[in-house]
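Okay, start26.cif is below, mmCIF, C-alpha atoms:
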data_my_file
#
loop_
_atom_site.group_PDB
_atom_site.id
_atom_site.type_symbol
_atom_site.label_atom_id
_atom_site.label_comp_id
_atom_site.auth_asym_id
_atom_site.auth_seq_id
_atom_site.Cartn_x
_atom_site.Cartn_y
_atom_site.Cartn_z
ATOM 1 C CA MET S 1 0.000 0.000 0.000
ATOM 2 C CA LYS S 2 2.876 2.356 0.885
ATOM 3 C CA ARG S 3 4.462 1.695 -2.512
ATOM 4 C CA ILE S 4 1.233 2.554 -4.319
ATOM 5 C CA LEU S 5 0.842 5.772 -2.338
ATOM 6 C CA SER S 6 4.497 6.679 -2.952
ATOM 7 C CA PHE S 7 4.082 5.955 -6.659
ATOM 8 C CA LEU S 8 0.942 8.107 -6.851
ATOM 9 C CA LEU S 9 2.669 10.945 -5.002
ATOM 10 C CA ILE S 10 5.673 10.837 -7.354
ATOM 11 C CA LEU S 11 3.362 10.644 -10.378
ATOM 12 C CA THR S 12 1.379 13.668 -9.150
ATOM 13 C CA VAL S 13 4.555 15.715 -8.630
ATOM 14 C CA CYS S 14 5.857 14.782 -12.092
ATOM 15 C CA LEU S 15 2.551 15.689 -13.757
ATOM 16 C CA ALA S 16 2.422 19.017 -11.920
ATOM 17 C CA ALA S 17 5.990 19.853 -13.004
ATOM 18 C CA SER S 18 5.219 18.864 -16.595
ATOM 19 C CA SER S 19 2.054 20.977 -16.604
ATOM 20 C CA SER S 20 3.966 23.971 -15.233
ATOM 21 C CA ASN S 21 6.603 23.653 -17.983
ATOM 22 C CA THR S 22 3.893 23.443 -20.655
ATOM 23 C CA ILE S 23 2.175 26.581 -19.332
ATOM 24 C CA SER S 24 5.524 28.403 -19.232
ATOM 25 C CA ALA S 25 6.226 27.413 -22.842
ATOM 26 C CA ILE S 26 2.791 28.643 -23.976
ATOM 27 C CA ASN S 27 3.237 31.953 -22.118
ATOM 28 C CA SER S 28 6.702 32.355 -23.638
ATOM 29 C CA LYS S 29 5.315 31.903 -27.176
ATOM 30 C CA GLN S 30 2.557 34.443 -26.490
ATOM 31 C CA ASP S 31 5.122 36.939 -25.183
ATOM 32 C CA GLN S 32 7.219 36.463 -28.334
ATOM 33 C CA LYS S 33 4.175 37.176 -30.533
ATOM 34 C CA LYS S 34 3.456 40.375 -28.608
ATOM 35 C CA GLU S 35 7.065 41.521 -29.018
ATOM 36 C CA LYS S 36 7.032 40.909 -32.780
ATOM 37 C CA ALA S 37 3.967 43.086 -33.442
ATOM 38 C CA LYS S 38 5.252 46.665 -33.400
ATOM 39 C CA ILE S 39 3.455 49.866 -34.256
ATOM 40 C CA ILE S 40 4.493 50.892 -37.773
ATOM 41 C CA LEU S 41 3.514 53.587 -40.263
ATOM 42 C CA VAL S 42 1.974 52.081 -43.389
ATOM 43 C CA SER S 43 1.755 54.302 -46.485
ATOM 44 C CA GLY S 44 0.552 53.795 -49.988
ATOM 45 C CA ILE S 45 -1.485 54.973 -52.953
ATOM 46 C CA VAL S 46 -5.008 53.850 -53.819
ATOM 47 C CA THR S 47 -5.943 53.746 -57.506
ATOM 48 C CA ASP S 48 -8.707 52.359 -59.698
ATOM 49 C CA GLU S 49 -8.137 49.784 -62.428
ATOM 50 C CA GLN S 50 -7.238 52.524 -64.940
ATOM 51 C CA GLY S 51 -4.525 53.925 -62.639
ATOM 52 C CA ASN S 52 -6.543 56.973 -61.522
ATOM 53 C CA ARG S 53 -5.779 57.926 -57.929
ATOM 54 C CA LEU S 54 -8.814 57.673 -55.667
ATOM 55 C CA LYS S 55 -9.715 60.267 -53.042
ATOM 56 C CA GLY S 56 -11.820 59.395 -49.988
ATOM 57 C CA VAL S 57 -11.053 55.689 -49.700
ATOM 58 C CA ILE S 58 -11.679 54.686 -46.066
ATOM 59 C CA ILE S 59 -8.841 52.654 -44.558
ATOM 60 C CA MET S 60 -9.566 50.916 -41.248
ATOM 61 C CA SER S 61 -7.594 48.464 -39.129
ATOM 62 C CA VAL S 62 -9.372 45.213 -38.296
ATOM 63 C CA ILE S 63 -9.691 44.361 -34.608
ATOM 64 C CA GLU S 64 -8.972 40.637 -34.241
ATOM 65 C CA SER S 65 -7.654 40.487 -30.667
ATOM 66 C CA GLU S 66 -7.778 42.533 -27.504
ATOM 67 C CA THR S 67 -4.264 43.862 -28.177
ATOM 68 C CA ASP S 68 -5.111 45.219 -31.648
ATOM 69 C CA ILE S 69 -5.397 48.972 -31.976
ATOM 70 C CA PRO S 70 -8.325 50.599 -33.822
ATOM 71 C CA PHE S 71 -7.103 53.079 -36.407
ATOM 72 C CA GLY S 72 -8.644 54.678 -39.431
ATOM 73 C CA THR S 73 -7.872 57.238 -42.113
ATOM 74 C CA GLU S 74 -8.830 58.083 -45.686
ATOM 75 C CA SER S 75 -6.885 58.637 -48.865
ATOM 76 C CA GLY S 76 -6.206 62.243 -49.842
ATOM 77 C CA ASP S 77 -6.655 64.124 -53.132
ATOM 78 C CA ASN S 78 -3.661 62.322 -54.603
ATOM 79 C CA GLY S 79 -4.819 58.852 -53.461
ATOM 80 C CA LYS S 80 -2.101 58.711 -50.794
ATOM 81 C CA TYR S 81 -2.701 57.499 -47.263
ATOM 82 C CA ASN S 82 -0.753 56.962 -44.023
ATOM 83 C CA ILE S 83 -1.927 54.887 -41.074
ATOM 84 C CA ARG S 84 -0.226 53.740 -37.862
ATOM 85 C CA VAL S 85 -1.052 50.130 -36.991
ATOM 86 C CA LYS S 86 0.490 47.019 -35.504
ATOM 87 C CA SER S 87 2.717 45.195 -37.971
ATOM 88 C CA ASP S 88 0.535 42.061 -37.821
ATOM 89 C CA GLN S 89 -2.864 43.698 -38.264
ATOM 90 C CA THR S 90 -5.175 43.675 -41.281
ATOM 91 C CA LEU S 91 -6.495 46.718 -43.155
ATOM 92 C CA ILE S 92 -9.835 47.121 -44.927
ATOM 93 C CA PHE S 93 -10.068 49.538 -47.866
ATOM 94 C CA SER S 94 -13.553 50.657 -48.863
ATOM 95 C CA LEU S 95 -15.194 53.212 -51.153
ATOM 96 C CA ASN S 96 -18.734 53.446 -52.511
ATOM 97 C CA SER S 97 -19.146 51.696 -55.885
ATOM 98 C CA TYR S 98 -15.928 49.678 -55.339
ATOM 99 C CA GLU S 99 -15.244 46.229 -53.911
ATOM 100 C CA SER S 100 -13.839 46.397 -50.370
ATOM 101 C CA GLN S 101 -10.440 44.821 -49.908
ATOM 102 C CA LYS S 102 -8.976 43.166 -46.835
ATOM 103 C CA ILE S 103 -5.155 43.237 -46.790
ATOM 104 C CA CYS S 104 -2.818 41.644 -44.197
ATOM 105 C CA ILE S 105 0.026 44.026 -43.383
ATOM 106 C CA LYS S 106 2.593 41.321 -42.527
ATOM 107 C CA GLY S 107 5.151 43.951 -41.462
ATOM 108 C CA ARG S 108 5.096 45.862 -44.769
ATOM 109 C CA ASP S 109 5.332 49.639 -44.542
ATOM 110 C CA GLU S 110 4.175 50.379 -48.089
ATOM 111 C CA ILE S 111 0.998 48.939 -49.579
ATOM 112 C CA ASP S 112 -0.488 50.223 -52.843
ATOM 113 C CA ILE S 113 -4.051 49.164 -53.607
ATOM 114 C CA VAL S 114 -5.997 48.873 -56.867
ATOM 115 C CA MET S 115 -9.745 49.165 -56.220
ATOM 116 C CA LYS S 116 -12.125 47.300 -58.522
ATOM 117 C CA LYS S 117 -15.546 48.678 -59.503
ATOM 118 C CA LEU S 118 -18.571 46.748 -58.274
ATOM 119 C CA LYS S 119 -20.358 44.864 -61.019
ATOM 120 C CA ASN S 120 -24.017 45.861 -61.466
#
Is it possible to express this structure as structure tokens?
Amino acid sequence: MKRILSFLLILTVCLAASSSNTISAINSKQDQKKEKAKIILVSGIVTDEQGNRLKGVIIMSVIESETDIPFGTESGDNGKYNIRVKSDQTLIFSLNSYESQKICIKGRDEIDIVMKKLKN
């Protein structure tokens, strides 16, 4: 009986240590992800399919986690835009009469977009 109890005690201690190491590894990976996503300035030009620069395109960051930052802007007279976002966020570009586009930033600091007209 003592051997069984000793075995169960040792097994419990080993499982607890293993569980603690697993939790530490998961937390470490989450911390690394947080460190990788930095706030960057993304710039670009929005045009239509004919190469005309588009004014008034709404550019919004997509909120996918509690650490994402909501940002928004619109393209100027010359189709240019600037937006500060986390390097791992996604942007949505939208303008009336055009198809919205969802673009993953993936650390890029320059993203030019060609908007396509909606089909009637």
Item to complete: Would you write out, as an MDAnalysis selection string, every residue that the PyMOL selection byres ((chain S and resi 94) around 6) captures in this file?
Response: chainID S and resid 57:58 93 95 100
Hits from the PyMOL selection byres ((chain S and resi 116) around 6), listed as a compact mmCIF listing (two decimals) with C-alpha atoms, keeping the file's coordinate frame:
# COMPACT_ATOMS: atom_id res chain seq x y z
CA TYR S 98 -15.93 49.68 -55.34
CA GLU S 99 -15.24 46.23 -53.91
CA MET S 115 -9.74 49.16 -56.22
CA LYS S 117 -15.55 48.68 -59.50
Practice prompt. Would you write out, as a list of chain:residue names, every residue that the PyMOL selection byres ((chain S and resi 70-80) around 8) captures in this file?
Written response: S:Ser43, S:Gly44, S:Ile45, S:Val46, S:Thr47, S:Arg53, S:Leu54, S:Lys55, S:Gly56, S:Val57, S:Ile58, S:Ile59, S:Met60, S:Ser61, S:Val62, S:Ile63, S:Asp68, S:Ile69, S:Tyr81, S:Asn82, S:Ile83, S:Arg84, S:Val85
Fill in: S:Lys86, S:Val42, S:Ile92, S:Ser97 ranked by distance to S:Lys119, top pick (using all atoms listed in the file)
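Closest residue, counting all atoms listed in the file: S:Ser97.
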Discussion item. As an exercise, work out the distance from atom CA of S:Leu41 to atom CA of S:Asn96 in Å and give it to one decimal place.
Written reply: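 Atom-to-atom, atom CA of S:Leu41 and atom CA of S:Asn96 are spaced 25.4 Å apart.
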Worksheet item: What is the atom CA of S:Gln101 to atom CA of S:Ala37 distance in Å?
Response: 21.9 Å
Fill in: Closest of S:Glu64, S:Asn120, S:Cys104, S:Gln89 to S:Ile40 - atom-to-atom distances counting all atoms listed in the file
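Among S:Glu64, S:Asn120, S:Cys104, S:Gln89, it is S:Gln89 that comes nearest to S:Ile40.
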Worksheet item: Hey, which of S:Ser65, S:Val114, S:Lys106, S:Ser87 ends up closest to S:Gly51? Count all atoms listed in the file.
Response: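 Ranking S:Ser65, S:Val114, S:Lys106, S:Ser87 by distance to S:Gly51, first place goes to S:Val114.
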Worksheet entry | atom CA of S:Lys102 to atom CA of S:Asp48, straight-line distance in Å | 15.8 Å
If I wrap all listed atoms of stretch 74-90 of chain S in a box with edges along x, y and z and add 8 Å on each side, what are its centre and edge lengths in Å to one decimal, as lines of an AutoDock Vina configuration file?
center_x = -3.1
center_y = 53.1
center_z = -45.1
size_x = 27.5
size_y = 38.1
size_z = 35.1
